[in-house]
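Comments concern the structure below.
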Number of protein chains: 2
Amino acid sequence: MVRKPTSKETVRKPNMREAILAAAEELFATNGFNAVSVRDIAHAAGANPGSVTYHFKTKDGLLLEIYRRHCGPMNLRRSELLAAARRVRDLQDRLEAVVRAYVLPAFTSGSDLAGGGARFTRLRAVMSAEGNEVARKIIAQTFDDTSHAFIDAIHDSLPHVPRTDIVWRSHFLLGALYYSLVTPDRVSRLSRGEADGSDAASAIEQLVQATVAAFQAPALDQAAPARRRPVVSSKT
Amino acid sequence: MVRKPTSKETVRKPNMREAILAAAEELFATNGFNAVSVRDIAHAAGANPGSVTYHFKTKDGLLLEIYRRHCGPMNLRRSELLAAARRVRDLQDRLEAVVRAYVLPAFTSGSDLAGGGARFTRLRAVMSAEGNEVARKIIAQTFDDTSHAFIDAIHDSLPHVPRTDIVWRSHFLLGALYYSLVTPDRVSRLSRGEADGSDAASAIEQLVQATVAAFQAPALDQAAPARRRPVVSSKT
DNA sequence: TGATCTTTTGTACGATAGTACAAATCACAT
DNA sequence: ATGTGATTTGTACTATCGTACAAAAGATCA
């Protein structure tokens with residue numbers, strides 16, 4: 001641990017370490033954890049494979065450090081935006097503001113990390129799909145509080161909707177968010193080029209608009225399972 | 001369907017082959033493609049590793065066969081349900097029926113395959129997140145037609161909403177659907193045990209309800225980007 | 001400059017991956 | 001019962017994996 005050479009602080013030569021982190025983040029986010037080897041990461045970062053071991057000890061340690069790097073800032077920013085959103089007077093506007101406070105940090109950069117918001121969120125999506133244990137643990141203990149706060153804020157704006165429904169719908173929101181980052185090309189393809197799935201601004205607006213409407217849907221009454229069965233049932 | 005005892009045709013002893021397919025499907029769907037070895041699959045199926053090579057040649061070939069097995073029946077059932085849904089008179093009911101026609105086959109079994117609908121859909125979700133090439137190809141050429149038909153049906157029910165918006169919202173639907181199958185425990189956790197994320201019936205009803213509302217959201221007008229910026233903007 | 005600490009390099013090791021292939025076994029028509 | 005083709009087994013090969021570790025290189029300050 002170096003403290004003060006002459007003036008600055010932290011460290012003055014973070015080149016390799018940062019390069020490895022960035023390369024790993026990119027590769028993990030696009031190919032998954034197991035499909036990427038330590039050698040792949042080192043090569044992409046212009047480093048030696050042994051350098052990865054030196055800085056992060058293990059491959060899991062590297063992943064853990066990526067999470068540590070992003071979780072704090074993203075969580076903080078989400079909390080700030082949520083607090084600001086809760087101060088919005090108009091109930092309809094407040095709902096939209098809360099949703100936006102949840103979505104925005106996932107697409108944009110946390111703080112000084114260059115445009116890594118979307119990349120890290122995509123990484124989370126992929127790790128979640130792969131059932132990665134390292135990711136599962138750190139995510140649950142980092143984001144569950146924020147998720148509850150978000151759900152509570154939504155519930156305050158929509159008191160007539162049961163909390164259970166809000167949980168489901170916020171879960172759908174996260175799924176939609178993840179999927180938009182994982183396969184943006186599908187949007188471009190299905191819209192026959194009319195929409196650009198990788199345009200973050202469009203994705204955010206579309207997602208906020210759709211999600212606000214979803215939250216405002218009437219409560220799903222447990223007693224009356226479904227108004228009517230509109231189509232044929234399964235043939236089994 | 002078995003026809004002739006004396007005639008050979010395909011094969012009359014599908015035990016091992018089917019066991020391997022089922023085991024691979026389960027393991028791939030929960031752990032991803034690269035995290036599962038051929039030996040893992042063979043062990044789970046009670047087979048010899050060499051048996052996998054014999055039946056499917058390569059690991060990719062095994063994945064391909066899983067897709068071939070499910071895509072046809074699921075697509076067919078989705079088409080049937082969609083056709084039935086389009087005949088619903090009432091516009092509001094028809095929208096819900098169409099959404100249900102899209103969601104139902106993803107959760108329930110395709111035809112004679114035992115309860116494998118949700119398992120295969122989860123597999124698709126995981127492969128999509130991992131950017132698996134084999135899966136990407138076969139999915140695009142199998143489901144894109146059905147997806148377009150679905151989008152058209154929604155558009156017919158909501159003529160005032162631009163097609164682009166419908167594409168985005170149907171994309172969100174698929175993402176929400178995928179995510180519900182990938183991490184159902186998160187719903188249970190965030191609802192503090194009040195909801196069961198792995199209950200397919202609840203998931204379907206919640207998803208249909210929320211999605212119908214999302215589709216019915218007002219069109220996102222391109223000219224006026226957002227009614228108002230409700231919260232503070234990014235601090236960058 | 002030389003001493004000391006940090007970082008990078010190169011190489012190697014054991015484990016495990018996907019796959020190939022010959023031998024053993026099985027199912028069944030004759 | 002026996003021969004024949006389909007299947008299963010066992011084993012082995014090569015490639016690559018994550019990781020360890022000693023030596024080289026670079027940086028820092030007396």
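We label chains A, B, ... in the order they appear in the structure tokens, count residues from 1 in each chain, and number ligands from 1 in the order shown.
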Excluding same-chain residues fewer than 4 positions from DA15 of chain D, what lies within 12 Å of it counting only C-alpha atoms (C1' of nucleotides), as a list in words?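 Near DA15 of chain D, the qualifying residues are DT16, DA17, DG18 and DT19 of chain C.
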Once chain B is fitted to chain A on all Cα atoms paired one-to-one in order, how large is the remaining RMSD?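 It comes to 1.8 Å after superposition.
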Counting only C-alpha atoms (C1' of nucleotides), which residues of chain A fall within 10 Å of chain C, and what is the closest atom pair for each with its distance in Å at one decimal, ordered by chain and rising number, as a tab-separated table?
residue	atom	partner	partner_atom	distance
A:Met1	CA	C:DT6	C1'	10.0
A:Val2	CA	C:DT6	C1'	9.8
A:Met16	CA	C:DT7	C1'	9.4
A:Ala47	CA	C:DT8	C1'	8.4
A:Asn48	CA	C:DT9	C1'	6.9
A:Pro49	CA	C:DT9	C1'	9.1
A:Gly50	CA	C:DT9	C1'	7.7
A:Ser51	CA	C:DT8	C1'	6.6
A:Tyr54	CA	C:DT7	C1'	8.6
A:His55	CA	C:DT7	C1'	9.4
Distance atom CA of Leu190 of chain A-atom CA of Leu177 of chain A, one decimal place? 17.5 Å
Find the residues of chain A in contact range of chain D, meaning any atom within 8 Å when counting only C-alpha atoms (C1' of nucleotides), and list them as number ranges by chain. A: 37-38, 53, 58-59
Filtered DSSP result for segment 43-208 of chain A, state alpha helix (DSSP H), as JSON, numbers by chain: {"A": [43, 44, 45, 49, 50, 51, 52, 53, 54, 55, 56, 59, 60, 61, 62, 63, 64, 65, 66, 67, 68, 69, 70, 71, 72, 73, 74, 75, 76, 77, 78, 79, 80, 81, 82, 83, 84, 85, 86, 91, 92, 93, 94, 95, 96, 97, 98, 99, 100, 101, 102, 103, 104, 105, 106, 107, 116, 117, 118, 119, 120, 121, 122, 123, 124, 125, 126, 127, 128, 129, 130, 133, 134, 135, 136, 137, 138, 139, 140, 141, 142, 143, 144, 145, 146, 147, 148, 149, 150, 151, 152, 153, 154, 155, 156, 157, 163, 164, 165, 166, 167, 168, 169, 170, 171, 172, 173, 174, 175, 176, 177, 178, 179, 180, 181, 182, 184, 185, 186, 187, 188, 189, 190, 200, 201, 202, 203, 204, 205, 206, 207, 208]}
Choose the residue, out of B:Ala85, B:Leu63, B:Val52, B:Leu95, that has the smallest atom-to-atom separation from chain A; count only C-alpha atoms.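 Closest to chain A, using only C-alpha atoms: B:Ala85.
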So which residues touch Leu158 of chain A within 12 Å, counting only C-alpha atoms (C1' of nucleotides), skipping near sequence neighbours fewer than 6 positions away, as a PyMOL selection string? chain A and resi 91-92+94-96+98+151-152+165-166+212-219
Could you dump the residues just selected with all heavy atoms as a short mmCIF file (atom, residue, chain, number, x, y, z; two decimals), in the first residue's frame?
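New file again-v1.cif:
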data_model
loop_
_atom_site.label_atom_id
_atom_site.label_comp_id
_atom_site.auth_asym_id
_atom_site.auth_seq_id
_atom_site.Cartn_x
_atom_site.Cartn_y
_atom_site.Cartn_z
N LEU A 91 -48.58 13.37 -8.34
CA LEU A 91 -48.44 11.93 -8.15
C LEU A 91 -48.03 11.19 -9.42
O LEU A 91 -47.20 10.29 -9.40
CB LEU A 91 -49.76 11.36 -7.61
CG LEU A 91 -49.58 10.42 -6.41
CD1 LEU A 91 -49.11 11.17 -5.19
CD2 LEU A 91 -50.83 9.65 -6.15
N GLN A 92 -48.62 11.59 -10.52
CA GLN A 92 -48.29 10.96 -11.81
C GLN A 92 -46.85 11.26 -12.18
O GLN A 92 -46.09 10.38 -12.59
CB GLN A 92 -49.25 11.50 -12.87
CG GLN A 92 -48.79 11.33 -14.32
CD GLN A 92 -49.10 9.93 -14.83
OE1 GLN A 92 -49.87 9.21 -14.23
NE2 GLN A 92 -48.50 9.58 -15.97
N ARG A 94 -44.49 12.01 -10.15
CA ARG A 94 -43.60 11.39 -9.20
C ARG A 94 -43.34 9.92 -9.58
O ARG A 94 -42.21 9.45 -9.54
CB ARG A 94 -44.17 11.45 -7.79
CG ARG A 94 -43.14 11.00 -6.75
CD ARG A 94 -43.78 10.67 -5.42
NE ARG A 94 -44.51 11.79 -4.88
CZ ARG A 94 -45.39 11.69 -3.90
NH1 ARG A 94 -45.64 10.50 -3.36
NH2 ARG A 94 -46.04 12.74 -3.46
N LEU A 95 -44.39 9.25 -9.98
CA LEU A 95 -44.23 7.85 -10.40
C LEU A 95 -43.21 7.76 -11.53
O LEU A 95 -42.29 6.94 -11.50
CB LEU A 95 -45.58 7.28 -10.84
CG LEU A 95 -45.54 5.86 -11.41
CD1 LEU A 95 -45.05 4.87 -10.36
CD2 LEU A 95 -46.92 5.45 -11.92
N GLU A 96 -43.39 8.62 -12.51
CA GLU A 96 -42.46 8.60 -13.65
C GLU A 96 -41.04 8.93 -13.20
O GLU A 96 -40.07 8.30 -13.65
CB GLU A 96 -42.91 9.59 -14.73
CG GLU A 96 -41.97 9.59 -15.91
CD GLU A 96 -42.43 10.52 -17.03
OE1 GLU A 96 -43.66 10.71 -17.16
OE2 GLU A 96 -41.57 11.04 -17.75
N VAL A 98 -39.71 8.40 -10.30
CA VAL A 98 -39.15 7.27 -9.55
C VAL A 98 -38.65 6.19 -10.51
O VAL A 98 -37.55 5.67 -10.38
CB VAL A 98 -40.20 6.69 -8.58
CG1 VAL A 98 -39.72 5.37 -8.00
CG2 VAL A 98 -40.50 7.67 -7.46
N ILE A 151 -39.31 -0.02 -4.52
CA ILE A 151 -40.66 -0.60 -4.47
C ILE A 151 -41.55 0.21 -3.53
O ILE A 151 -42.72 0.49 -3.84
CB ILE A 151 -40.57 -2.07 -4.02
CG1 ILE A 151 -39.96 -2.92 -5.13
CG2 ILE A 151 -41.94 -2.61 -3.63
CD1 ILE A 151 -39.53 -4.29 -4.70
N ASP A 152 -41.01 0.61 -2.39
CA ASP A 152 -41.78 1.42 -1.45
C ASP A 152 -42.21 2.74 -2.08
O ASP A 152 -43.35 3.19 -1.90
CB ASP A 152 -40.95 1.69 -0.18
CG ASP A 152 -40.75 0.42 0.64
OD1 ASP A 152 -41.52 -0.54 0.43
OD2 ASP A 152 -39.83 0.39 1.48
N ASP A 165 -48.06 -7.05 -6.37
CA ASP A 165 -48.12 -6.71 -7.79
C ASP A 165 -46.97 -5.79 -8.17
O ASP A 165 -46.38 -5.92 -9.24
CB ASP A 165 -49.46 -6.01 -8.11
CG ASP A 165 -50.63 -6.97 -8.00
OD1 ASP A 165 -50.47 -8.01 -7.33
OD2 ASP A 165 -51.70 -6.68 -8.57
N ILE A 166 -46.67 -4.86 -7.27
CA ILE A 166 -45.58 -3.92 -7.56
C ILE A 166 -44.24 -4.64 -7.63
O ILE A 166 -43.40 -4.33 -8.47
CB ILE A 166 -45.56 -2.79 -6.51
CG1 ILE A 166 -46.83 -1.94 -6.69
CG2 ILE A 166 -44.31 -1.94 -6.63
CD1 ILE A 166 -46.97 -0.82 -5.70
N VAL A 212 -44.24 2.78 -16.60
CA VAL A 212 -45.18 3.59 -15.83
C VAL A 212 -46.60 3.10 -16.07
O VAL A 212 -47.39 2.92 -15.12
CB VAL A 212 -45.05 5.08 -16.22
CG1 VAL A 212 -46.24 5.87 -15.71
CG2 VAL A 212 -43.75 5.65 -15.66
N ALA A 213 -46.91 2.81 -17.33
CA ALA A 213 -48.24 2.29 -17.65
C ALA A 213 -48.47 0.94 -16.99
O ALA A 213 -49.56 0.65 -16.49
CB ALA A 213 -48.40 2.18 -19.16
N ALA A 214 -47.43 0.11 -16.99
CA ALA A 214 -47.57 -1.22 -16.38
C ALA A 214 -47.85 -1.12 -14.89
O ALA A 214 -48.71 -1.82 -14.35
CB ALA A 214 -46.30 -2.04 -16.63
N PHE A 215 -47.14 -0.21 -14.22
CA PHE A 215 -47.36 -0.02 -12.78
C PHE A 215 -48.78 0.47 -12.50
O PHE A 215 -49.38 0.12 -11.49
CB PHE A 215 -46.34 0.97 -12.20
CG PHE A 215 -45.03 0.34 -11.84
CD1 PHE A 215 -43.85 0.81 -12.39
CD2 PHE A 215 -44.97 -0.71 -10.94
CE1 PHE A 215 -42.63 0.24 -12.06
CE2 PHE A 215 -43.75 -1.30 -10.60
CZ PHE A 215 -42.58 -0.82 -11.15
N GLN A 216 -49.29 1.27 -13.42
CA GLN A 216 -50.63 1.84 -13.21
C GLN A 216 -51.75 0.88 -13.55
O GLN A 216 -52.92 1.22 -13.39
CB GLN A 216 -50.77 3.12 -14.04
CG GLN A 216 -49.96 4.28 -13.50
CD GLN A 216 -49.96 5.48 -14.42
OE1 GLN A 216 -50.00 5.31 -15.64
NE2 GLN A 216 -49.89 6.66 -13.85
N ALA A 217 -51.41 -0.29 -14.03
CA ALA A 217 -52.45 -1.26 -14.36
C ALA A 217 -53.29 -1.57 -13.13
O ALA A 217 -52.78 -1.49 -12.01
CB ALA A 217 -51.81 -2.54 -14.91
N PRO A 218 -54.55 -1.92 -13.32
CA PRO A 218 -55.39 -2.25 -12.16
C PRO A 218 -54.79 -3.42 -11.40
O PRO A 218 -54.07 -4.24 -11.95
CB PRO A 218 -56.72 -2.62 -12.80
CG PRO A 218 -56.45 -2.85 -14.25
CD PRO A 218 -55.27 -1.99 -14.57
N ALA A 219 -55.09 -3.46 -10.12
CA ALA A 219 -54.56 -4.54 -9.28
C ALA A 219 -55.05 -5.89 -9.78
O ALA A 219 -56.17 -6.03 -10.28
CB ALA A 219 -54.99 -4.33 -7.84
#
Contacts of Tyr102 of chain A at 12 Å or less, counting only C-alpha atoms (C1' of nucleotides), minus same-chain residues fewer than 6 places along, as a PyMOL selection string? (chain A and resi 74-85+95-96+108+143+146-151+153-154+170-171+173-174+177+204+207-208+211-212) or (chain B and resi 231)
Export of the given selection (C-alpha atoms) as a compact mmCIF listing (two decimals), in the first residue's frame:
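Result went into out28.txt, see below:
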# COMPACT_ATOMS: atom_id res chain seq x y z
CA MET A 74 -24.38 3.20 -8.94
CA ASN A 75 -26.21 2.58 -5.71
CA LEU A 76 -25.40 6.05 -4.46
CA ARG A 77 -26.59 7.71 -7.61
CA ARG A 78 -29.76 5.68 -7.59
CA SER A 79 -30.44 6.74 -4.02
CA GLU A 80 -29.87 10.39 -4.83
CA LEU A 81 -32.16 10.28 -7.83
CA LEU A 82 -34.78 8.39 -5.85
CA ALA A 83 -34.69 10.95 -3.04
CA ALA A 84 -35.14 13.75 -5.57
CA ALA A 85 -37.97 11.86 -7.25
CA LEU A 95 -44.23 7.85 -10.40
CA GLU A 96 -42.46 8.60 -13.65
CA THR A 108 -25.49 5.89 -17.89
CA PHE A 143 -29.00 -3.88 -4.30
CA THR A 146 -32.25 -0.05 -2.93
CA SER A 147 -34.78 -2.32 -4.61
CA HIS A 148 -36.97 -2.26 -1.53
CA ALA A 149 -36.71 1.51 -1.33
CA PHE A 150 -37.71 1.72 -4.97
CA ILE A 151 -40.66 -0.60 -4.47
CA ALA A 153 -41.61 4.62 -3.44
CA ILE A 154 -43.74 3.12 -6.20
CA SER A 170 -40.61 -4.01 -10.88
CA HIS A 171 -39.18 -7.44 -11.57
CA LEU A 173 -38.92 -3.78 -15.40
CA LEU A 174 -35.51 -5.13 -14.48
CA LEU A 177 -33.97 -3.43 -18.86
CA ILE A 204 -34.82 4.75 -21.61
CA LEU A 207 -38.86 1.71 -21.04
CA VAL A 208 -40.04 4.47 -18.73
CA THR A 211 -43.23 0.68 -17.29
CA VAL A 212 -45.18 3.59 -15.83
CA VAL B 231 -35.88 15.19 -11.78
Nearest to Asp156 of chain B, restricted to only C-alpha atoms and choosing among B:Arg68, B:Arg169, B:Arg119, B:Arg86, comes out as B:Arg86
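Using only C-alpha atoms, the smallest distance between any of B:Val88, B:Val161, B:Val134, B:Ile20 and chain A comes from B:Val88.
If only C-alpha atoms are the atoms counted, then among B:His70, B:Arg17, B:Arg186, B:His43 the closest residue to Gly116 of chain B is B:His70.
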Taking into account only C-alpha atoms, which residue in the set B:Val99, B:Cys71, B:Ala129, B:Ile138 is nearest to chain A?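 For chain A, the nearest of the candidates is B:Ala129.
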Between A:Gln141, A:Ser157, A:Asn34, A:Ser188, which is the closest to chain B once you count only C-alpha atoms? A:Asn34
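In this structure, atom CA of Ala203 of chain B sits 9.1 Å away from atom CA of Phe107 of chain B.
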What is the atom CA of Tyr178 of chain B-atom CA of Ser128 of chain B distance in Å, reported with one decimal?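 Straight-line distance from atom CA of Tyr178 of chain B to atom CA of Ser128 of chain B works out to 9.7 Å.
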